[in-house]
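Have a look at work-v9.cif; it's mmCIF, C-alpha atoms:
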data_input
loop_
_atom_site.group_PDB
_atom_site.id
_atom_site.type_symbol
_atom_site.label_atom_id
_atom_site.label_comp_id
_atom_site.auth_asym_id
_atom_site.auth_seq_id
_atom_site.Cartn_x
_atom_site.Cartn_y
_atom_site.Cartn_z
ATOM 1 C CA VAL A 1 48.194 -29.984 -25.528
ATOM 2 C CA VAL A 2 47.870 -33.300 -23.680
ATOM 3 C CA SER A 3 50.963 -34.450 -21.810
ATOM 4 C CA HIS A 4 51.629 -37.453 -19.596
ATOM 5 C CA GLY A 5 53.780 -38.240 -16.564
ATOM 6 C CA PHE A 6 56.868 -40.424 -16.324
ATOM 7 C CA VAL A 7 56.641 -44.161 -16.941
ATOM 8 C CA LEU A 8 57.773 -46.085 -13.833
ATOM 9 C CA ASP A 9 57.996 -49.765 -12.946
ATOM 10 C CA GLY A 10 55.311 -51.681 -11.028
ATOM 11 C CA GLN A 11 56.689 -50.479 -7.665
ATOM 12 C CA GLY A 12 56.833 -46.856 -8.787
ATOM 13 C CA ARG A 13 60.625 -46.753 -9.332
ATOM 14 C CA LYS A 14 62.454 -45.165 -12.250
ATOM 15 C CA MET A 15 63.433 -47.720 -14.844
ATOM 16 C CA SER A 16 67.104 -48.543 -15.202
ATOM 17 C CA LYS A 17 69.179 -51.342 -16.670
ATOM 18 C CA SER A 18 71.049 -51.771 -13.374
ATOM 19 C CA LEU A 19 67.795 -52.514 -11.530
ATOM 20 C CA GLY A 20 66.639 -54.790 -14.345
ATOM 21 C CA ASN A 21 63.168 -53.283 -14.144
ATOM 22 C CA THR A 22 62.815 -51.994 -17.698
ATOM 23 C CA VAL A 23 59.870 -52.974 -19.893
ATOM 24 C CA ASP A 24 60.824 -52.780 -23.565
ATOM 25 C CA PRO A 25 57.809 -51.761 -25.681
ATOM 26 C CA LEU A 26 59.332 -53.446 -28.738
ATOM 27 C CA VAL A 27 59.519 -56.745 -26.851
ATOM 28 C CA VAL A 28 55.918 -56.356 -25.653
ATOM 29 C CA MET A 29 54.748 -55.681 -29.213
ATOM 30 C CA LYS A 30 56.715 -58.620 -30.593
ATOM 31 C CA GLN A 31 55.343 -61.009 -27.962
ATOM 32 C CA GLN A 32 51.776 -59.786 -27.563
ATOM 33 C CA GLY A 33 51.081 -57.297 -30.347
ATOM 34 C CA ALA A 34 50.923 -53.525 -30.578
ATOM 35 C CA ASP A 35 47.254 -53.417 -29.591
ATOM 36 C CA LEU A 36 48.044 -54.778 -26.137
ATOM 37 C CA LEU A 37 50.499 -51.943 -25.529
ATOM 38 C CA ARG A 38 47.956 -49.448 -26.844
ATOM 39 C CA LEU A 39 45.348 -50.925 -24.491
ATOM 40 C CA TRP A 40 47.682 -50.442 -21.526
ATOM 41 C CA VAL A 41 48.190 -46.800 -22.544
ATOM 42 C CA ALA A 42 44.422 -46.364 -22.660
ATOM 43 C CA THR A 43 43.912 -47.798 -19.161
ATOM 44 C CA VAL A 44 46.289 -45.555 -17.217
ATOM 45 C CA ASP A 45 45.643 -42.104 -15.812
ATOM 46 C CA TYR A 46 48.286 -40.366 -17.930
ATOM 47 C CA GLN A 47 47.983 -37.092 -16.003
ATOM 48 C CA SER A 48 50.089 -38.678 -13.231
ATOM 49 C CA ASP A 49 53.198 -40.839 -13.348
ATOM 50 C CA VAL A 50 52.178 -44.208 -14.752
ATOM 51 C CA ARG A 51 53.381 -47.681 -13.827
ATOM 52 C CA ILE A 52 54.061 -50.659 -16.050
ATOM 53 C CA SER A 53 55.293 -54.182 -15.345
ATOM 54 C CA ASN A 54 55.005 -57.615 -16.875
ATOM 55 C CA GLU A 55 52.359 -58.477 -14.273
ATOM 56 C CA MET A 56 50.304 -55.443 -15.275
ATOM 57 C CA MET A 57 50.631 -56.375 -18.949
ATOM 58 C CA ASN A 58 49.349 -59.860 -18.125
ATOM 59 C CA GLN A 59 46.274 -58.287 -16.496
ATOM 60 C CA ILE A 60 45.727 -56.124 -19.564
ATOM 61 C CA ALA A 61 46.083 -59.248 -21.710
ATOM 62 C CA GLU A 62 43.131 -60.786 -19.836
ATOM 63 C CA GLY A 63 40.945 -57.788 -20.699
ATOM 64 C CA TYR A 64 42.124 -57.925 -24.301
ATOM 65 C CA ARG A 65 41.289 -61.634 -24.559
ATOM 66 C CA LYS A 66 37.748 -60.941 -23.335
ATOM 67 C CA ILE A 67 37.313 -58.291 -26.008
ATOM 68 C CA ARG A 68 38.735 -60.483 -28.771
ATOM 69 C CA ASN A 69 36.782 -63.591 -27.753
ATOM 70 C CA THR A 70 33.546 -61.595 -27.643
ATOM 71 C CA PHE A 71 34.234 -60.293 -31.141
ATOM 72 C CA ARG A 72 34.847 -63.846 -32.356
ATOM 73 C CA PHE A 73 31.622 -65.164 -30.821
ATOM 74 C CA MET A 74 29.540 -62.349 -32.289
ATOM 75 C CA LEU A 75 31.103 -62.691 -35.729
ATOM 76 C CA GLY A 76 30.559 -66.465 -35.660
ATOM 77 C CA ASN A 77 26.871 -65.973 -34.938
ATOM 78 C CA LEU A 78 26.524 -63.358 -37.681
ATOM 79 C CA ASN A 79 27.626 -65.904 -40.272
ATOM 80 C CA GLY A 80 25.088 -65.875 -43.121
ATOM 81 C CA PHE A 81 23.375 -62.719 -41.834
ATOM 82 C CA ASN A 82 22.804 -60.174 -44.604
ATOM 83 C CA PRO A 83 21.995 -56.742 -43.129
ATOM 84 C CA GLU A 84 20.432 -55.629 -46.415
ATOM 85 C CA LYS A 85 17.908 -58.493 -46.464
ATOM 86 C CA ASP A 86 17.725 -59.882 -42.935
ATOM 87 C CA TYR A 87 17.880 -56.761 -40.755
ATOM 88 C CA VAL A 88 15.029 -56.460 -38.255
ATOM 89 C CA THR A 89 14.193 -52.916 -37.180
ATOM 90 C CA TYR A 90 14.362 -51.902 -33.530
ATOM 91 C CA GLU A 91 10.557 -51.683 -33.235
ATOM 92 C CA GLN A 92 10.109 -55.259 -34.481
ATOM 93 C CA ARG A 93 12.581 -56.824 -32.056
ATOM 94 C CA GLY A 94 11.854 -58.453 -28.723
ATOM 95 C CA LYS A 95 11.904 -56.331 -25.588
ATOM 96 C CA LEU A 96 15.190 -57.791 -24.324
ATOM 97 C CA ASP A 97 16.825 -57.152 -27.699
ATOM 98 C CA GLN A 98 15.722 -53.544 -27.324
ATOM 99 C CA VAL A 99 17.016 -53.401 -23.753
ATOM 100 C CA MET A 100 20.430 -54.725 -24.792
ATOM 101 C CA LEU A 101 20.719 -52.159 -27.568
ATOM 102 C CA MET A 102 19.810 -49.399 -25.118
ATOM 103 C CA LYS A 103 22.396 -50.714 -22.639
ATOM 104 C CA TYR A 104 24.963 -50.481 -25.418
ATOM 105 C CA GLN A 105 23.792 -46.947 -26.263
ATOM 106 C CA GLN A 106 24.262 -45.899 -22.632
ATOM 107 C CA ALA A 107 27.827 -47.230 -22.737
ATOM 108 C CA GLN A 108 28.362 -45.595 -26.120
ATOM 109 C CA ASN A 109 27.272 -42.179 -24.848
ATOM 110 C CA GLU A 110 29.669 -42.467 -21.904
ATOM 111 C CA VAL A 111 32.546 -43.506 -24.182
ATOM 112 C CA LEU A 112 31.947 -40.600 -26.569
ATOM 113 C CA GLU A 113 31.957 -38.174 -23.621
ATOM 114 C CA ALA A 114 35.180 -39.763 -22.347
ATOM 115 C CA TYR A 115 36.890 -39.308 -25.719
ATOM 116 C CA GLU A 116 35.794 -35.685 -25.854
ATOM 117 C CA ASN A 117 37.471 -35.136 -22.478
ATOM 118 C CA TYR A 118 40.601 -37.208 -23.291
ATOM 119 C CA GLN A 119 39.669 -39.671 -20.523
ATOM 120 C CA PHE A 120 40.917 -42.766 -22.315
ATOM 121 C CA ASP A 121 40.944 -44.888 -19.158
ATOM 122 C CA ARG A 122 37.204 -44.256 -18.873
ATOM 123 C CA VAL A 123 36.734 -45.653 -22.381
ATOM 124 C CA TYR A 124 38.230 -48.965 -21.259
ATOM 125 C CA ARG A 125 36.423 -48.954 -17.898
ATOM 126 C CA THR A 126 33.097 -48.494 -19.698
ATOM 127 C CA ILE A 127 33.430 -50.843 -22.664
ATOM 128 C CA VAL A 128 35.020 -53.893 -21.004
ATOM 129 C CA PRO A 129 32.489 -54.211 -18.125
ATOM 130 C CA PHE A 130 29.658 -53.799 -20.652
ATOM 131 C CA MET A 131 31.102 -56.524 -22.880
ATOM 132 C CA THR A 132 31.821 -58.803 -19.920
ATOM 133 C CA ASN A 133 28.661 -58.368 -17.820
ATOM 134 C CA GLU A 134 25.710 -57.200 -19.910
ATOM 135 C CA LEU A 135 26.794 -58.700 -23.225
ATOM 136 C CA SER A 136 28.725 -61.942 -22.583
ATOM 137 C CA ALA A 137 27.405 -63.041 -19.194
ATOM 138 C CA PHE A 138 23.773 -62.193 -19.992
ATOM 139 C CA TYR A 139 22.675 -61.557 -23.572
ATOM 140 C CA LEU A 140 25.117 -63.757 -25.483
ATOM 141 C CA ASP A 141 24.623 -66.522 -22.936
ATOM 142 C CA TYR A 142 20.850 -66.925 -23.048
ATOM 143 C CA THR A 143 20.465 -66.139 -26.784
ATOM 144 C CA LYS A 144 22.509 -69.246 -27.643
ATOM 145 C CA ASP A 145 19.190 -71.059 -27.264
ATOM 146 C CA ILE A 146 17.816 -68.857 -30.058
ATOM 147 C CA LEU A 147 20.905 -68.656 -32.265
ATOM 148 C CA TYR A 148 21.651 -72.395 -32.151
ATOM 149 C CA ILE A 149 18.132 -73.836 -32.028
ATOM 150 C CA GLU A 150 15.686 -71.643 -33.951
ATOM 151 C CA LYS A 151 15.244 -71.695 -37.728
ATOM 152 C CA GLU A 152 18.003 -69.834 -39.542
ATOM 153 C CA LYS A 153 15.663 -67.125 -40.848
ATOM 154 C CA SER A 154 13.148 -67.058 -38.007
ATOM 155 C CA MET A 155 12.099 -63.596 -36.874
ATOM 156 C CA GLU A 156 13.347 -64.250 -33.331
ATOM 157 C CA ARG A 157 16.815 -65.314 -34.539
ATOM 158 C CA LEU A 158 17.127 -62.472 -37.055
ATOM 159 C CA ALA A 159 16.170 -59.976 -34.321
ATOM 160 C CA VAL A 160 19.025 -61.248 -32.143
ATOM 161 C CA GLN A 161 21.441 -61.155 -35.095
ATOM 162 C CA SER A 162 20.348 -57.596 -35.924
ATOM 163 C CA THR A 163 21.076 -56.599 -32.319
ATOM 164 C CA LEU A 164 24.483 -58.328 -32.440
ATOM 165 C CA HIS A 165 25.264 -56.545 -35.710
ATOM 166 C CA ASP A 166 24.338 -53.118 -34.307
ATOM 167 C CA ILE A 167 26.330 -53.591 -31.114
ATOM 168 C CA LEU A 168 29.380 -55.178 -32.759
ATOM 169 C CA LEU A 169 29.649 -52.482 -35.426
ATOM 170 C CA GLY A 170 29.244 -49.793 -32.763
ATOM 171 C CA ILE A 171 31.911 -51.256 -30.464
ATOM 172 C CA LEU A 172 34.335 -51.682 -33.371
ATOM 173 C CA LYS A 173 33.965 -47.990 -34.191
ATOM 174 C CA LEU A 174 34.362 -46.965 -30.537
ATOM 175 C CA LEU A 175 37.487 -49.074 -29.958
ATOM 176 C CA THR A 176 39.289 -48.306 -33.224
ATOM 177 C CA PRO A 177 41.293 -45.394 -31.710
ATOM 178 C CA VAL A 178 42.585 -47.818 -29.055
ATOM 179 C CA LEU A 179 42.746 -51.209 -30.822
ATOM 180 C CA PRO A 180 43.059 -50.391 -34.545
ATOM 181 C CA HIS A 181 44.620 -53.694 -35.610
ATOM 182 C CA THR A 182 42.042 -55.827 -33.790
ATOM 183 C CA THR A 183 39.023 -53.780 -34.857
ATOM 184 C CA SER A 184 40.224 -53.704 -38.467
ATOM 185 C CA GLU A 185 40.582 -57.487 -38.493
ATOM 186 C CA ALA A 186 37.134 -58.007 -36.951
ATOM 187 C CA TYR A 187 35.505 -55.411 -39.233
ATOM 188 C CA ASN A 188 36.803 -57.172 -42.320
ATOM 189 C CA HIS A 189 35.102 -60.369 -41.145
ATOM 190 C CA LEU A 190 31.693 -58.688 -40.955
ATOM 191 C CA PRO A 191 29.296 -60.393 -43.380
ATOM 192 C CA TYR A 192 28.393 -58.761 -46.677
ATOM 193 C CA ASP A 193 29.120 -55.240 -47.841
ATOM 194 C CA HIS A 194 30.985 -52.719 -45.718
ATOM 195 C CA LEU A 195 33.609 -50.044 -46.278
ATOM 196 C CA GLU A 196 37.194 -50.893 -47.193
ATOM 197 C CA ASP A 197 38.250 -50.596 -43.552
ATOM 198 C CA VAL A 198 36.843 -49.579 -40.176
ATOM 199 C CA TYR A 199 39.084 -46.473 -40.257
ATOM 200 C CA LEU A 200 36.742 -45.009 -42.909
ATOM 201 C CA GLU A 201 33.693 -45.304 -40.652
ATOM 202 C CA ASP A 202 32.363 -42.345 -38.685
ATOM 203 C CA MET A 203 32.188 -42.498 -34.906
ATOM 204 C CA PRO A 204 28.681 -43.345 -33.621
ATOM 205 C CA GLU A 205 26.505 -40.414 -32.630
ATOM 206 C CA ARG A 206 25.014 -39.960 -29.194
ATOM 207 C CA SER A 207 21.659 -41.634 -28.677
ATOM 208 C CA GLU A 208 19.045 -39.823 -26.619
ATOM 209 C CA THR A 209 16.019 -41.985 -27.468
ATOM 210 C CA LEU A 210 16.146 -44.340 -24.493
ATOM 211 C CA ASP A 211 12.956 -45.991 -23.224
ATOM 212 C CA GLN A 212 13.380 -45.347 -19.518
ATOM 213 C CA GLU A 213 10.301 -47.383 -18.544
ATOM 214 C CA LEU A 214 11.631 -50.473 -20.316
ATOM 215 C CA LEU A 215 15.074 -50.015 -18.767
ATOM 216 C CA LYS A 216 13.442 -49.647 -15.346
ATOM 217 C CA ALA A 217 11.518 -52.896 -15.882
ATOM 218 C CA PHE A 218 14.749 -54.655 -16.807
ATOM 219 C CA ASP A 219 16.523 -53.336 -13.710
ATOM 220 C CA ILE A 220 13.710 -54.765 -11.554
ATOM 221 C CA PHE A 221 13.977 -58.137 -13.347
ATOM 222 C CA GLU A 222 17.760 -58.051 -13.014
ATOM 223 C CA GLU A 223 17.395 -57.999 -9.225
ATOM 224 C CA VAL A 224 15.347 -61.196 -9.513
ATOM 225 C CA ARG A 225 17.815 -62.810 -11.930
ATOM 226 C CA VAL A 226 20.782 -62.167 -9.619
ATOM 227 C CA VAL A 227 19.018 -64.018 -6.779
ATOM 228 C CA VAL A 228 18.059 -66.913 -9.100
ATOM 229 C CA LEU A 229 21.661 -67.241 -10.342
ATOM 230 C CA LYS A 230 22.888 -67.408 -6.730
ATOM 231 C CA LYS A 231 20.346 -70.140 -5.911
ATOM 232 C CA LEU A 232 21.357 -72.086 -9.042
ATOM 233 C CA GLU A 233 25.008 -71.852 -8.028
ATOM 234 C CA ASP A 234 24.131 -73.090 -4.529
ATOM 235 C CA ALA A 235 22.193 -76.009 -6.053
ATOM 236 C CA ARG A 236 25.210 -76.924 -8.199
ATOM 237 C CA GLU A 237 27.509 -76.882 -5.178
ATOM 238 C CA GLN A 238 25.062 -79.112 -3.278
ATOM 239 C CA LYS A 239 24.926 -81.519 -6.270
ATOM 240 C CA ILE A 240 21.175 -80.961 -6.622
ATOM 241 C CA ILE A 241 21.745 -80.139 -10.291
ATOM 242 C CA GLY A 242 24.656 -80.186 -12.711
ATOM 243 C CA LYS A 243 24.064 -77.771 -15.569
ATOM 244 C CA SER A 244 21.447 -75.076 -15.099
ATOM 245 C CA LEU A 245 19.223 -76.684 -17.773
ATOM 246 C CA GLN A 246 18.716 -79.577 -15.360
ATOM 247 C CA ALA A 247 16.891 -77.216 -13.004
ATOM 248 C CA LYS A 248 13.324 -76.284 -12.290
ATOM 249 C CA VAL A 249 13.039 -72.921 -10.527
ATOM 250 C CA ASN A 250 10.123 -72.194 -8.225
ATOM 251 C CA LEU A 251 9.911 -68.435 -8.346
ATOM 252 C CA SER A 252 7.589 -66.315 -6.225
ATOM 253 C CA VAL A 253 7.847 -62.587 -7.000
ATOM 254 C CA THR A 254 6.187 -59.394 -5.828
ATOM 255 C CA GLN A 255 3.482 -57.792 -7.955
ATOM 256 C CA LYS A 256 5.965 -55.090 -8.975
ATOM 257 C CA GLN A 257 8.446 -57.730 -10.139
ATOM 258 C CA MET A 258 5.710 -59.650 -11.966
ATOM 259 C CA ASP A 259 4.659 -56.475 -13.790
ATOM 260 C CA ALA A 260 8.279 -55.925 -14.871
ATOM 261 C CA ILE A 261 8.581 -59.513 -16.125
ATOM 262 C CA LYS A 262 5.375 -59.130 -18.137
ATOM 263 C CA GLU A 263 6.607 -55.799 -19.530
ATOM 264 C CA LEU A 264 9.677 -57.558 -20.960
ATOM 265 C CA HIS A 265 7.591 -60.163 -22.861
ATOM 266 C CA MET A 266 10.211 -62.885 -22.409
ATOM 267 C CA LYS A 267 10.374 -66.650 -22.109
ATOM 268 C CA ILE A 268 11.625 -66.573 -18.560
ATOM 269 C CA HIS A 269 12.974 -70.141 -18.488
ATOM 270 C CA GLN A 270 15.024 -69.342 -21.598
ATOM 271 C CA VAL A 271 16.438 -66.146 -20.133
ATOM 272 C CA LEU A 272 17.314 -67.852 -16.830
ATOM 273 C CA ILE A 273 18.762 -70.794 -18.838
ATOM 274 C CA VAL A 274 16.750 -73.420 -16.967
ATOM 275 C CA SER A 275 14.270 -75.999 -18.255
ATOM 276 C CA LYS A 276 11.233 -75.032 -16.185
ATOM 277 C CA VAL A 277 10.023 -72.069 -14.117
ATOM 278 C CA ASP A 278 7.013 -72.136 -11.820
ATOM 279 C CA LEU A 279 6.186 -68.430 -11.553
ATOM 280 C CA SER A 280 3.758 -66.985 -9.002
ATOM 281 C CA VAL A 281 3.048 -63.754 -7.120
ATOM 282 C CA GLY A 282 3.676 -63.455 -3.383
ATOM 283 C CA LYS A 283 4.528 -60.885 -0.726
ATOM 284 C CA GLU A 284 8.284 -61.142 -1.282
ATOM 285 C CA LEU A 285 10.838 -62.673 -3.602
ATOM 286 C CA MET A 286 11.348 -66.377 -2.894
ATOM 287 C CA VAL A 287 13.411 -68.804 -4.981
ATOM 288 C CA THR A 288 13.908 -72.545 -4.665
ATOM 289 C CA VAL A 289 15.668 -74.875 -7.087
ATOM 290 C CA GLU A 290 14.942 -78.545 -7.712
ATOM 291 C CA PRO A 291 15.820 -81.021 -10.456
ATOM 292 C CA ALA A 292 13.536 -80.702 -13.472
ATOM 293 C CA GLU A 293 11.528 -83.854 -14.113
ATOM 294 C CA GLY A 294 11.182 -85.252 -17.617
ATOM 295 C CA ILE A 295 13.294 -86.233 -20.609
ATOM 296 C CA THR A 296 16.236 -84.312 -22.044
ATOM 297 C CA CYS A 297 15.789 -83.179 -25.646
ATOM 298 C CA GLU A 298 18.785 -84.383 -27.638
ATOM 299 C CA ARG A 299 18.892 -81.179 -29.670
ATOM 300 C CA CYS A 300 18.274 -78.242 -27.308
ATOM 301 C CA TRP A 301 19.094 -80.077 -24.027
ATOM 302 C CA ASN A 302 15.987 -78.735 -22.301
ATOM 303 C CA ILE A 303 14.187 -81.182 -20.034
ATOM 304 C CA VAL A 304 10.637 -81.642 -21.309
ATOM 305 C CA ASP A 305 7.625 -83.836 -20.558
ATOM 306 C CA HIS A 306 7.993 -85.977 -23.676
ATOM 307 C CA VAL A 307 10.112 -86.308 -26.832
ATOM 308 C CA HIS A 308 9.523 -87.638 -30.341
ATOM 309 C CA GLU A 309 11.050 -90.759 -31.880
ATOM 310 C CA ASN A 310 14.301 -89.007 -32.791
ATOM 311 C CA GLY A 311 14.682 -87.687 -29.253
ATOM 312 C CA GLU A 312 13.699 -84.079 -29.909
ATOM 313 C CA CYS A 313 11.115 -82.007 -28.049
ATOM 314 C CA ASP A 314 7.987 -80.534 -29.661
ATOM 315 C CA ARG A 315 9.745 -77.243 -30.316
ATOM 316 C CA CYS A 316 12.757 -78.848 -32.039
ATOM 317 C CA HIS A 317 10.446 -81.277 -33.881
ATOM 318 C CA ASP A 318 8.535 -78.336 -35.374
ATOM 319 C CA ILE A 319 11.758 -76.482 -36.270
ATOM 320 C CA LEU A 320 13.302 -79.510 -37.934
ATOM 321 C CA GLY A 321 10.062 -80.274 -39.731
ATOM 322 C CA GLU A 322 9.943 -76.762 -41.159
ATOM 323 C CA ASN A 323 13.564 -77.028 -42.282
ATOM 324 C CA ILE A 324 13.094 -80.286 -44.192
#
Take the structure in the file and give it back as structure tokens.
Amino acid sequence: VVSHGFVLDGQGRKMSKSLGNTVDPLVVMKQQGADLLRLWVATVDYQSDVRISNEMMNQIAEGYRKIRNTFRFMLGNLNGFNPEKDYVTYEQRGKLDQVMLMKYQQAQNEVLEAYENYQFDRVYRTIVPFMTNELSAFYLDYTKDILYIEKEKSMERLAVQSTLHDILLGILKLLTPVLPHTTSEAYNHLPYDHLEDVYLEDMPERSETLDQELLKAFDIFEEVRVVVLKKLEDAREQKIIGKSLQAKVNLSVTQKQMDAIKELHMKIHQVLIVSKVDLSVGKELMVTVEPAEGITCERCWNIVDHVHENGECDRCHDILGENI
């Protein structure tokens, strides 16, 4: 038997009409939907008295919007993706695609354990930071350059779409007990064949096959990326650059950091969302930012040494030529 405490107002007082501090769940549902109320329930430690107020519901609404907007972005970029024909297996994907799937699997394992122990607040505290930090602020951000620019059926683009498909389907299953209306709506927008509704899906199973060496390499690179992002932000504030694609980053890393970067097999300028990176090995991490010199490609917005007649760089010229 799982029981909860009393529901109090934001200051911890009993609710009463005379104090005017009542929060009517029917009004909340009418204004913001039942899923928002369910999300609030899932965020509180129900073993104690719980507090609710309009201000708290507004905070929950922010978390809900992040979840919903992430779903929308992922679904938009899965348009035209057929899992039966286009799916790229884990082994064939890029290293960062593999890392992102493993990051999701780590979050998934924690969520499954939280459900088993009726720790619903832990479900929220695990999923939302993953979606906000690892997924939106990192993976979905830099892969726009692949999703928007590469050929529709290129291996690189299909690998990213396969990763998005795996993660989106997994998150929809994990969040269905909390946000059934939202996950059902998103599930029914998944491309191609799926079950009648997400409620008929099984929960994901725990994943134990994590490549710890690859995750360790990513953690080392992540330390570098955090410093680069700070330097880019400083350069923006000092009006050295506007958007990050206007930047050239001079990056000196330790041998350990260089080994990690090589292990991840990435296009580092693409992942850092800058036009150029001058990468070298030194005794310590050093980062400087300067404006990238060259011409802006009219299609991918990278600054390159030269463009073709239509204003596109060599990369975009080849992609467009192959699509004609």
Problem set entry | Evaluate the PyMOL selection byres ((chain A and resi 168-176) around 10) and report residues as a count of residues only | 44
Seminar exercise, completed: Counting all atoms listed in the file, closest pick from A:Ser48, A:Glu84, A:Val128, A:Glu91 relative to A:Ile60 is A:Val128
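Using all atoms listed in the file, the contacts of A:Ala159 at a cut-off of 8 Å, with sequence neighbours closer than 6 positions omitted, comprise Tyr87, Val88, Thr89, Gln92, Arg93, Gly94 and Asp97 of chain A.
Taking atom CA of A:Asp24 as the reference point, atom CA of A:Pro129 is found at 28.9 Å.
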Seminar exercise, completed: What separates atom CA of A:Lys103 and atom CA of A:Tyr142 is a distance of 16.3 Å
Problem set entry | Close residues, A:Ser207 itself excluded, 8 Å, all atoms listed in the file, min 3 positions apart in chain, as a PyMOL selection string | chain A and resi 105-106+109+210
For this session: Just the residues within 12 Å of A:Leu36, please, counting all atoms listed in the file, with nothing from its chain fewer than 2 positions along; format it as a PyMOL selection string.
Result: chain A and resi 25-34+38-43+54+56-65+67-68+178-182
For this session: Write out as JSON, numbers by chain the residues lying within 10 Å of A:Tyr148, counting all atoms listed in the file and excluding same-chain residues fewer than 5 positions away.
Result: {"A": [77, 143, 157, 299, 300]}
Exercise. Hey, what's within 10 Å of stretch 243-257 of chain A if we count all atoms listed in the file and toss same-chain stuff fewer than 2 positions away? As a VMD selection string, please?
Worked result: chain A and resid 217 to 224 228 to 229 231 to 233 235 to 236 240 to 241 259 to 263 269 to 270 272 to 294 296 300 to 303
Write to file, as a PDB file, in the frame of the given file, the residues of the selection just made, with C-alpha atoms.
ATOM      1  CA  ALA A 217      11.518 -52.896 -15.882  1.00  0.00           C
ATOM      2  CA  PHE A 218      14.749 -54.655 -16.807  1.00  0.00           C
ATOM      3  CA  ASP A 219      16.523 -53.336 -13.710  1.00  0.00           C
ATOM      4  CA  ILE A 220      13.710 -54.765 -11.554  1.00  0.00           C
ATOM      5  CA  PHE A 221      13.977 -58.137 -13.347  1.00  0.00           C
ATOM      6  CA  GLU A 222      17.760 -58.051 -13.014  1.00  0.00           C
ATOM      7  CA  GLU A 223      17.395 -57.999  -9.225  1.00  0.00           C
ATOM      8  CA  VAL A 224      15.347 -61.196  -9.513  1.00  0.00           C
ATOM      9  CA  VAL A 228      18.059 -66.913  -9.100  1.00  0.00           C
ATOM     10  CA  LEU A 229      21.661 -67.241 -10.342  1.00  0.00           C
ATOM     11  CA  LYS A 231      20.346 -70.140  -5.911  1.00  0.00           C
ATOM     12  CA  LEU A 232      21.357 -72.086  -9.042  1.00  0.00           C
ATOM     13  CA  GLU A 233      25.008 -71.852  -8.028  1.00  0.00           C
ATOM     14  CA  ALA A 235      22.193 -76.009  -6.053  1.00  0.00           C
ATOM     15  CA  ARG A 236      25.210 -76.924  -8.199  1.00  0.00           C
ATOM     16  CA  ILE A 240      21.175 -80.961  -6.622  1.00  0.00           C
ATOM     17  CA  ILE A 241      21.745 -80.139 -10.291  1.00  0.00           C
ATOM     18  CA  ASP A 259       4.659 -56.475 -13.790  1.00  0.00           C
ATOM     19  CA  ALA A 260       8.279 -55.925 -14.871  1.00  0.00           C
ATOM     20  CA  ILE A 261       8.581 -59.513 -16.125  1.00  0.00           C
ATOM     21  CA  LYS A 262       5.375 -59.130 -18.137  1.00  0.00           C
ATOM     22  CA  GLU A 263       6.607 -55.799 -19.530  1.00  0.00           C
ATOM     23  CA  HIS A 269      12.974 -70.141 -18.488  1.00  0.00           C
ATOM     24  CA  GLN A 270      15.024 -69.342 -21.598  1.00  0.00           C
ATOM     25  CA  LEU A 272      17.314 -67.852 -16.830  1.00  0.00           C
ATOM     26  CA  ILE A 273      18.762 -70.794 -18.838  1.00  0.00           C
ATOM     27  CA  VAL A 274      16.750 -73.420 -16.967  1.00  0.00           C
ATOM     28  CA  SER A 275      14.270 -75.999 -18.255  1.00  0.00           C
ATOM     29  CA  LYS A 276      11.233 -75.032 -16.185  1.00  0.00           C
ATOM     30  CA  VAL A 277      10.023 -72.069 -14.117  1.00  0.00           C
ATOM     31  CA  ASP A 278       7.013 -72.136 -11.820  1.00  0.00           C
ATOM     32  CA  LEU A 279       6.186 -68.430 -11.553  1.00  0.00           C
ATOM     33  CA  SER A 280       3.758 -66.985  -9.002  1.00  0.00           C
ATOM     34  CA  VAL A 281       3.048 -63.754  -7.120  1.00  0.00           C
ATOM     35  CA  GLY A 282       3.676 -63.455  -3.383  1.00  0.00           C
ATOM     36  CA  LYS A 283       4.528 -60.885  -0.726  1.00  0.00           C
ATOM     37  CA  GLU A 284       8.284 -61.142  -1.282  1.00  0.00           C
ATOM     38  CA  LEU A 285      10.838 -62.673  -3.602  1.00  0.00           C
ATOM     39  CA  MET A 286      11.348 -66.377  -2.894  1.00  0.00           C
ATOM     40  CA  VAL A 287      13.411 -68.804  -4.981  1.00  0.00           C
ATOM     41  CA  THR A 288      13.908 -72.545  -4.665  1.00  0.00           C
ATOM     42  CA  VAL A 289      15.668 -74.875  -7.087  1.00  0.00           C
ATOM     43  CA  GLU A 290      14.942 -78.545  -7.712  1.00  0.00           C
ATOM     44  CA  PRO A 291      15.820 -81.021 -10.456  1.00  0.00           C
ATOM     45  CA  ALA A 292      13.536 -80.702 -13.472  1.00  0.00           C
ATOM     46  CA  GLU A 293      11.528 -83.854 -14.113  1.00  0.00           C
ATOM     47  CA  GLY A 294      11.182 -85.252 -17.617  1.00  0.00           C
ATOM     48  CA  THR A 296      16.236 -84.312 -22.044  1.00  0.00           C
ATOM     49  CA  CYS A 300      18.274 -78.242 -27.308  1.00  0.00           C
ATOM     50  CA  TRP A 301      19.094 -80.077 -24.027  1.00  0.00           C
ATOM     51  CA  ASN A 302      15.987 -78.735 -22.301  1.00  0.00           C
ATOM     52  CA  ILE A 303      14.187 -81.182 -20.034  1.00  0.00           C
TER      53      ILE A 303
END
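Pairwise distance (atom CA of A:Gln11, atom CA of A:Val23) equals 12.9 Å.
Comparing A:Asp49, A:Val44, A:Arg206, A:Phe81 by their smallest distance to A:Arg125, the closest is A:Val44 (using all atoms listed in the file).
Proximity of A:Arg72, A:Lys153, A:Lys14, A:His317 to A:His189, computed with all atoms listed in the file, is greatest for A:Arg72.
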Problem set entry | Picked residues, the PyMOL selection byres ((chain A and resi 4) around 12), expected as a VMD selection string | chain A and resid 1 to 3 5 to 7 41 to 42 44 to 51 118
